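**Q** Structure in structure tokens, see below.
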Amino acid sequence: MATPKALVLRAAGTNCDRETEFALQQAGFDARREHVFRLMESSAALAEAQFLVIPGGFSYGDDIASGKILANQMLHRLADALNQFVQADKLVLGICNGFQIMVKSGLLPWGNVRVDEAHRDATLAWNDGGRFEDRWVHLRADSDTCVFLPKGEIVALPMAHGEGRFVPREPAILDRLRAADQIALRYVDAAGNAGQPYPINPNGSTDDIAGLCDPTGRIMGLMPHPERFTDITHHPQWTRGHVTRADGRLFFDNARKYFA
């Protein structure tokens, strides 16, 4: 098929869009950045793309709450276009602020944007420590459904957020996510063991959840930043010879393979 097109959504305060665009280009996508205002004027660019990535940063300064304003724009101005996009066997990835936006808009956890149901089943709250956390973490892929990373894969990625603690509205929501194989990533130690205290779980997320996918596995959000580790020289220990691959590349390479 022709080279798949990827769209990187940006708004005021987004600051990881260029790195994300570059990571997509490295993986073989025809990638470009698109301001949300342009999509609100015309959603043609979204319809032409196969992969939508909502990158990290502080959209609109994270006023009110992280990702809330951009999520509301998506809810009230782009809901139909986004729902058509996800129903067309396409991919969506939200990174850090993008994950927050997806949860607040309703794209996660259930895969559709609906004003009457958004914001109700889960949120990403302030870190347990009450402060911004900026560190490298290990993650374990725990979903057979998710297309971005095979189950059992353990990766290292950098994270940087103040509101990354995943909290379901009630225990039944967590049970539903587990039953539907939607828990895509968990915080683990270097050996792959979950259930570890801070700083292994850097924010106190319920069930060590670092990333979710929708029931189809094609829509995913995660708090750590794969676009910041697409070359081994990005890792702080690369000169010691311990780093043999750039784990962040896996997410973008697997997305590209989906369209092969």
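For the structure tokens, the naming scheme is as follows: chains receive sequential letters (A, B, ...) according to their order of presentation, residues are indexed from 1 within each chain, and ligands are indexed from 1 in presentation order.
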List the neighbours of A:Gln182 out to 6 Å using only C-alpha atoms; skip same-chain residues closer than 3 positions along the sequence, and give me the result as a list of chain:residue names.

**A**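 Using only C-alpha atoms, the neighbours found are A:Leu177, A:Leu212, A:Cys213, A:Asp214.
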
**Q** Would you write out those residues with N, CA, C and O atoms, as a PDB file, in the first residue's frame?

**A**
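Once written, selection.pdb looks like this:
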ATOM      1  N   LEU A 177     -11.957  -3.420  32.663  1.00  0.00           N
ATOM      2  CA  LEU A 177     -10.746  -3.224  31.881  1.00  0.00           C
ATOM      3  C   LEU A 177      -9.903  -4.495  31.848  1.00  0.00           C
ATOM      4  O   LEU A 177      -9.362  -4.858  30.805  1.00  0.00           O
ATOM      5  N   LEU A 212      -3.332   2.315  28.701  1.00  0.00           N
ATOM      6  CA  LEU A 212      -4.568   1.584  28.393  1.00  0.00           C
ATOM      7  C   LEU A 212      -4.767   1.517  26.888  1.00  0.00           C
ATOM      8  O   LEU A 212      -4.302   2.384  26.147  1.00  0.00           O
ATOM      9  N   CYS A 213      -5.497   0.519  26.451  1.00  0.00           N
ATOM     10  CA  CYS A 213      -5.996   0.507  25.079  1.00  0.00           C
ATOM     11  C   CYS A 213      -7.511   0.345  25.124  1.00  0.00           C
ATOM     12  O   CYS A 213      -8.083  -0.002  26.162  1.00  0.00           O
ATOM     13  N   ASP A 214      -8.164   0.598  24.008  1.00  0.00           N
ATOM     14  CA  ASP A 214      -9.607   0.393  23.918  1.00  0.00           C
ATOM     15  C   ASP A 214      -9.864  -1.090  23.653  1.00  0.00           C
ATOM     16  O   ASP A 214      -8.925  -1.878  23.506  1.00  0.00           O
TER      17      ASP A 214
END

**Q** Enumerate, as a PyMOL selection string, the complete set of residues in stretch 15-179 of chain A that a backbone-based DSSP assignment places in strand (DSSP E or B).

**A** chain A and resi 30-35+51-54+57+91-95+122-125+133-141+154-161+165-168

**Q** DSSP says alpha helix (DSSP H) for which residues of stretch 148-224 of chain A? Put them as a list in words?

**A**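 Reading the DSSP output for stretch 148-224 of chain A, alpha helix (DSSP H) covers Pro171, Ala172, Ile173, Leu174, Asp175, Arg176, Leu177, Arg178 and Ala179 of chain A.
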
**Q** Go ahead and write the selection's residues with C-alpha atoms as a short mmCIF file (atom, residue, chain, number, x, y, z; two decimals), in the first residue's frame.

**A**
data_model
loop_
_atom_site.label_atom_id
_atom_site.label_comp_id
_atom_site.auth_asym_id
_atom_site.auth_seq_id
_atom_site.Cartn_x
_atom_site.Cartn_y
_atom_site.Cartn_z
CA PRO A 171 -13.73 -1.18 41.25
CA ALA A 172 -16.16 -2.49 38.62
CA ILE A 173 -14.46 -0.30 35.98
CA LEU A 174 -11.10 -1.87 36.77
CA ASP A 175 -12.66 -5.34 36.56
CA ARG A 176 -14.12 -4.44 33.17
CA LEU A 177 -10.75 -3.22 31.88
CA ARG A 178 -9.05 -6.41 33.02
CA ALA A 179 -11.73 -8.64 31.52
#

**Q** Distance table requested - stretch 175-228 of chain A against stretch 1-24 of chain A, cut-off 12 Å, only C-alpha atoms: one row per qualifying residue with the closest atom pair and its distance in Å to one decimal, ordered by chain and rising residue number, as JSON lines.

**A**
{"residue": "A:His225", "atom": "CA", "partner": "A:Cys16", "partner_atom": "CA", "distance": 9.2}
{"residue": "A:Pro226", "atom": "CA", "partner": "A:Thr20", "partner_atom": "CA", "distance": 8.6}
{"residue": "A:Glu227", "atom": "CA", "partner": "A:Thr20", "partner_atom": "CA", "distance": 5.4}
{"residue": "A:Arg228", "atom": "CA", "partner": "A:Glu19", "partner_atom": "CA", "distance": 7.1}

**Q** For the selection you just gave me, I'd like the residues written to a file as an mmCIF file, in the first residue's frame, keeping all heavy atoms.

**A**
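As a result, result_18.cif now contains:
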data_model
loop_
_atom_site.group_PDB
_atom_site.id
_atom_site.type_symbol
_atom_site.label_atom_id
_atom_site.label_comp_id
_atom_site.auth_asym_id
_atom_site.auth_seq_id
_atom_site.Cartn_x
_atom_site.Cartn_y
_atom_site.Cartn_z
ATOM 1 N N HIS A 225 7.013 8.497 27.684
ATOM 2 C CA HIS A 225 7.238 9.122 26.387
ATOM 3 C C HIS A 225 8.072 8.247 25.446
ATOM 4 O O HIS A 225 9.306 8.321 25.463
ATOM 5 C CB HIS A 225 7.970 10.449 26.581
ATOM 6 C CG HIS A 225 7.144 11.540 27.155
ATOM 7 N ND1 HIS A 225 6.506 12.485 26.380
ATOM 8 C CD2 HIS A 225 6.841 11.848 28.435
ATOM 9 C CE1 HIS A 225 5.851 13.326 27.156
ATOM 10 N NE2 HIS A 225 6.041 12.970 28.409
ATOM 11 N N PRO A 226 7.469 7.471 24.569
ATOM 12 C CA PRO A 226 8.257 6.684 23.611
ATOM 13 C C PRO A 226 9.002 7.552 22.601
ATOM 14 O O PRO A 226 10.064 7.161 22.110
ATOM 15 C CB PRO A 226 7.215 5.794 22.925
ATOM 16 C CG PRO A 226 5.916 6.491 23.127
ATOM 17 C CD PRO A 226 6.029 7.176 24.453
ATOM 18 N N GLU A 227 8.470 8.720 22.274
ATOM 19 C CA GLU A 227 9.133 9.567 21.271
ATOM 20 C C GLU A 227 10.457 10.142 21.778
ATOM 21 O O GLU A 227 11.260 10.652 20.998
ATOM 22 C CB GLU A 227 8.188 10.696 20.825
ATOM 23 C CG GLU A 227 8.143 11.923 21.704
ATOM 24 C CD GLU A 227 7.392 11.734 23.024
ATOM 25 O OE1 GLU A 227 6.874 10.629 23.268
ATOM 26 O OE2 GLU A 227 7.319 12.710 23.807
ATOM 27 N N ARG A 228 10.702 10.056 23.074
ATOM 28 C CA ARG A 228 11.943 10.565 23.646
ATOM 29 C C ARG A 228 13.034 9.492 23.734
ATOM 30 O O ARG A 228 14.108 9.763 24.269
ATOM 31 C CB ARG A 228 11.682 11.148 25.035
ATOM 32 C CG ARG A 228 10.772 12.364 25.021
ATOM 33 C CD ARG A 228 10.580 12.952 26.400
ATOM 34 N NE ARG A 228 9.657 14.079 26.367
ATOM 35 C CZ ARG A 228 9.284 14.777 27.443
ATOM 36 N NH1 ARG A 228 9.778 14.452 28.629
ATOM 37 N NH2 ARG A 228 8.439 15.786 27.324
#

**Q** Excluding A:Asn97 and any residue of its chain fewer than 6 positions from it, enumerate the residues within 6 Å of it, using only C-alpha atoms, and give them as a ChimeraX atom specification.

**A** /A:56-57,67

**Q** Output C-alpha atoms for every residue in that selection, as an mmCIF file, in the first residue's frame.

**A**
data_model
loop_
_atom_site.group_PDB
_atom_site.id
_atom_site.type_symbol
_atom_site.label_atom_id
_atom_site.label_comp_id
_atom_site.auth_asym_id
_atom_site.auth_seq_id
_atom_site.Cartn_x
_atom_site.Cartn_y
_atom_site.Cartn_z
ATOM 1 C CA GLY A 56 2.744 15.339 25.225
ATOM 2 C CA GLY A 57 3.144 18.800 26.638
ATOM 3 C CA GLY A 67 -5.743 18.178 28.893
#

**Q** Choose the residue, out of A:Ile232, A:Val113, A:Ala27, A:Ala156, that has the smallest atom-to-atom separation from A:Gln84; count only C-alpha atoms.

**A** A:Val113

**Q** I want to know what sits within 7 Å of A:Val92, based on only C-alpha atoms, with residues of the same chain fewer than 4 positions away left out; could you give that as an mmCIF file with N, CA and C atoms, in the first residue's frame?

**A**
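Contents of the output file around.cif:
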data_model
loop_
_atom_site.group_PDB
_atom_site.id
_atom_site.type_symbol
_atom_site.label_atom_id
_atom_site.label_comp_id
_atom_site.auth_asym_id
_atom_site.auth_seq_id
_atom_site.Cartn_x
_atom_site.Cartn_y
_atom_site.Cartn_z
ATOM 1 N N PHE A 51 -3.202 7.296 10.998
ATOM 2 C CA PHE A 51 -2.682 7.239 12.365
ATOM 3 C C PHE A 51 -2.744 8.644 12.955
ATOM 4 N N LEU A 52 -3.424 8.774 14.088
ATOM 5 C CA LEU A 52 -3.504 10.045 14.815
ATOM 6 C C LEU A 52 -2.717 9.904 16.106
ATOM 7 N N VAL A 53 -1.804 10.838 16.344
ATOM 8 C CA VAL A 53 -1.039 10.845 17.587
ATOM 9 C C VAL A 53 -1.283 12.167 18.302
ATOM 10 N N ARG A 218 -6.614 -0.848 19.117
ATOM 11 C CA ARG A 218 -6.080 0.102 18.136
ATOM 12 C C ARG A 218 -5.931 1.515 18.691
ATOM 13 N N ILE A 219 -6.522 1.772 19.831
ATOM 14 C CA ILE A 219 -6.470 3.092 20.452
ATOM 15 C C ILE A 219 -5.751 2.940 21.782
ATOM 16 N N MET A 220 -4.647 3.644 21.946
ATOM 17 C CA MET A 220 -3.833 3.470 23.141
ATOM 18 C C MET A 220 -3.380 4.810 23.697
#

**Q** Tell me, counting only C-alpha atoms, for each residue of stretch 83-125 of chain A within 12 Å of stretch 250-260 of chain A, which pair of atoms is nearest and how far apart they are in Å to one decimal, in rows ordered by chain and increasing number, as JSON lines.

**A**
{"residue": "A:Asp89", "atom": "CA", "partner": "A:Phe259", "partner_atom": "CA", "distance": 10.0}
{"residue": "A:Lys90", "atom": "CA", "partner": "A:Phe259", "partner_atom": "CA", "distance": 9.0}
{"residue": "A:Leu91", "atom": "CA", "partner": "A:Ala255", "partner_atom": "CA", "distance": 7.6}
{"residue": "A:Val92", "atom": "CA", "partner": "A:Ala255", "partner_atom": "CA", "distance": 9.5}
{"residue": "A:Leu93", "atom": "CA", "partner": "A:Phe251", "partner_atom": "CA", "distance": 9.2}
{"residue": "A:Gly94", "atom": "CA", "partner": "A:Phe251", "partner_atom": "CA", "distance": 11.4}
{"residue": "A:Ile95", "atom": "CA", "partner": "A:Phe251", "partner_atom": "CA", "distance": 11.0}

**Q** Store the residues picked out above, limited to C-alpha atoms, as a short mmCIF file (atom, residue, chain, number, x, y, z; two decimals), in the first residue's frame.

**A**
data_model
loop_
_atom_site.label_atom_id
_atom_site.label_comp_id
_atom_site.auth_asym_id
_atom_site.auth_seq_id
_atom_site.Cartn_x
_atom_site.Cartn_y
_atom_site.Cartn_z
CA ASP A 89 -9.69 0.47 11.39
CA LYS A 90 -7.21 3.29 12.05
CA LEU A 91 -4.84 3.86 14.98
CA VAL A 92 -4.71 6.48 17.73
CA LEU A 93 -1.89 6.96 20.22
CA GLY A 94 -1.93 9.45 23.09
CA ILE A 95 1.29 10.23 24.95
#

**Q** Which of these residues is nearest to A:Thr216, using only C-alpha atoms: A:Leu124, A:Leu107, A:Ile54, A:Leu82?

**A**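 Of A:Leu124, A:Leu107, A:Ile54, A:Leu82, the one nearest A:Thr216, counting only C-alpha atoms, is A:Leu107.
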
**Q** Pick from A:Leu75, A:Ile64, A:Ala210, A:Ala125: nearest to A:Val167, with only C-alpha atoms counted?

**A**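 Using only C-alpha atoms, A:Val167 sits closest to A:Ala125.
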
**Q** Just the residues within 10 Å of stretch 203-206 of chain A, please, counting only C-alpha atoms, with nothing from its chain fewer than 3 positions along; format it as a short mmCIF file (atom, residue, chain, number, x, y, z; two decimals) with C-alpha atoms, in the first residue's frame.

**A**
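Once everything was written out, this is result22.cif:
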data_model
loop_
_atom_site.label_atom_id
_atom_site.label_comp_id
_atom_site.auth_asym_id
_atom_site.auth_seq_id
_atom_site.Cartn_x
_atom_site.Cartn_y
_atom_site.Cartn_z
CA LEU A 124 -5.62 10.74 35.54
CA ALA A 125 -5.19 12.49 38.88
CA TRP A 126 -2.33 14.19 40.70
CA ASN A 127 0.62 11.95 41.49
CA ASP A 128 0.50 10.48 44.98
CA GLY A 129 3.63 12.41 45.89
CA GLY A 130 1.92 15.68 45.02
CA ARG A 131 4.71 16.78 42.71
CA PHE A 132 5.96 16.55 39.15
CA GLU A 133 7.95 13.35 38.55
CA HIS A 161 4.22 14.37 34.53
CA GLY A 162 2.41 15.76 37.54
CA GLU A 163 -1.01 14.22 36.89
CA GLY A 164 -0.45 10.64 35.83
CA ARG A 165 -2.14 8.56 38.53
CA PHE A 166 -4.76 6.40 36.85
CA VAL A 167 -7.92 6.17 38.96
CA PRO A 168 -11.07 4.28 37.92
CA LEU A 174 -11.10 -1.87 36.77
CA ARG A 186 2.05 -1.58 33.88
CA TYR A 187 4.89 -0.01 35.85
CA GLY A 195 3.16 -4.36 42.54
CA GLN A 196 6.25 -2.42 43.56
CA PRO A 197 6.23 0.83 45.60
CA TYR A 198 7.47 4.27 44.62
CA PRO A 199 9.55 5.03 42.59
CA ILE A 200 8.85 1.86 40.52
CA ILE A 209 -1.44 1.09 35.19
CA ALA A 210 0.81 3.13 32.90
#

**Q** Select, from A:Val188, A:Met223, A:Leu108, A:Ala71, the residue with the minimum atom-to-atom distance to A:Ala160, counting only C-alpha atoms.

**A**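 Between A:Val188, A:Met223, A:Leu108, A:Ala71, the residue approaching A:Ala160 most closely is A:Met223.
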
**Q** By how many Å are atom CA of A:Ser59 and atom CA of A:Ile101 apart?

**A**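 So the answer is 9.1 Å.
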
**Q** Taking 4 positions as the minimum chain separation for residues in the same chain, which residues sit within 12 Å of stretch 236-238 of chain A when counting only C-alpha atoms? Answer as a PyMOL selection string.

**A** chain A and resi 135-136+156-158+228-229+231-232+242-246

**Q** With N, CA and C atoms retained, write the just-selected residues as a PDB file, in the first residue's frame.

**A**
ATOM      1  N   ARG A 135      11.555  10.949  35.507  1.00  0.00           N
ATOM      2  CA  ARG A 135      12.501   9.850  35.719  1.00  0.00           C
ATOM      3  C   ARG A 135      12.313   8.787  34.640  1.00  0.00           C
ATOM      4  N   TRP A 136      13.257   7.847  34.563  1.00  0.00           N
ATOM      5  CA  TRP A 136      13.110   6.688  33.693  1.00  0.00           C
ATOM      6  C   TRP A 136      12.376   5.596  34.454  1.00  0.00           C
ATOM      7  N   ALA A 156      12.021   0.225  28.708  1.00  0.00           N
ATOM      8  CA  ALA A 156      12.381   1.375  29.535  1.00  0.00           C
ATOM      9  C   ALA A 156      12.055   2.643  28.764  1.00  0.00           C
ATOM     10  N   LEU A 157      11.400   3.585  29.437  1.00  0.00           N
ATOM     11  CA  LEU A 157      11.041   4.863  28.813  1.00  0.00           C
ATOM     12  C   LEU A 157      11.159   5.982  29.842  1.00  0.00           C
ATOM     13  N   PRO A 158      11.388   7.200  29.390  1.00  0.00           N
ATOM     14  CA  PRO A 158      11.336   8.332  30.313  1.00  0.00           C
ATOM     15  C   PRO A 158       9.897   8.778  30.534  1.00  0.00           C
ATOM     16  N   ARG A 228      10.702  10.056  23.074  1.00  0.00           N
ATOM     17  CA  ARG A 228      11.943  10.565  23.646  1.00  0.00           C
ATOM     18  C   ARG A 228      13.034   9.492  23.734  1.00  0.00           C
ATOM     19  N   PHE A 229      12.747   8.306  23.211  1.00  0.00           N
ATOM     20  CA  PHE A 229      13.750   7.245  23.228  1.00  0.00           C
ATOM     21  C   PHE A 229      13.678   6.472  21.910  1.00  0.00           C
ATOM     22  N   ASP A 231      16.458   6.547  19.784  1.00  0.00           N
ATOM     23  CA  ASP A 231      17.847   6.253  19.439  1.00  0.00           C
ATOM     24  C   ASP A 231      18.555   5.891  20.738  1.00  0.00           C
ATOM     25  N   ILE A 232      19.495   4.947  20.680  1.00  0.00           N
ATOM     26  CA  ILE A 232      20.119   4.511  21.939  1.00  0.00           C
ATOM     27  C   ILE A 232      20.845   5.651  22.643  1.00  0.00           C
ATOM     28  N   HIS A 242      25.222  -0.808  27.925  1.00  0.00           N
ATOM     29  CA  HIS A 242      24.107  -1.612  28.403  1.00  0.00           C
ATOM     30  C   HIS A 242      22.850  -1.466  27.536  1.00  0.00           C
ATOM     31  N   VAL A 243      22.839  -0.496  26.651  1.00  0.00           N
ATOM     32  CA  VAL A 243      21.640  -0.197  25.867  1.00  0.00           C
ATOM     33  C   VAL A 243      21.829  -0.731  24.454  1.00  0.00           C
ATOM     34  N   THR A 244      20.993  -1.672  24.074  1.00  0.00           N
ATOM     35  CA  THR A 244      21.134  -2.322  22.764  1.00  0.00           C
ATOM     36  C   THR A 244      20.033  -1.947  21.782  1.00  0.00           C
ATOM     37  N   ARG A 245      18.991  -1.291  22.253  1.00  0.00           N
ATOM     38  CA  ARG A 245      17.915  -0.866  21.364  1.00  0.00           C
ATOM     39  C   ARG A 245      17.232   0.360  21.959  1.00  0.00           C
ATOM     40  N   ALA A 246      16.553   1.101  21.108  1.00  0.00           N
ATOM     41  CA  ALA A 246      15.764   2.249  21.532  1.00  0.00           C
ATOM     42  C   ALA A 246      14.315   1.796  21.688  1.00  0.00           C
TER      43      ALA A 246
END

**Q** Compare A:Met40, A:Val137, A:Ala184, A:Leu70 by their minimum atom-to-atom distance to A:Lys104, counting only C-alpha atoms, and give me the closest one.

**A** A:Leu70
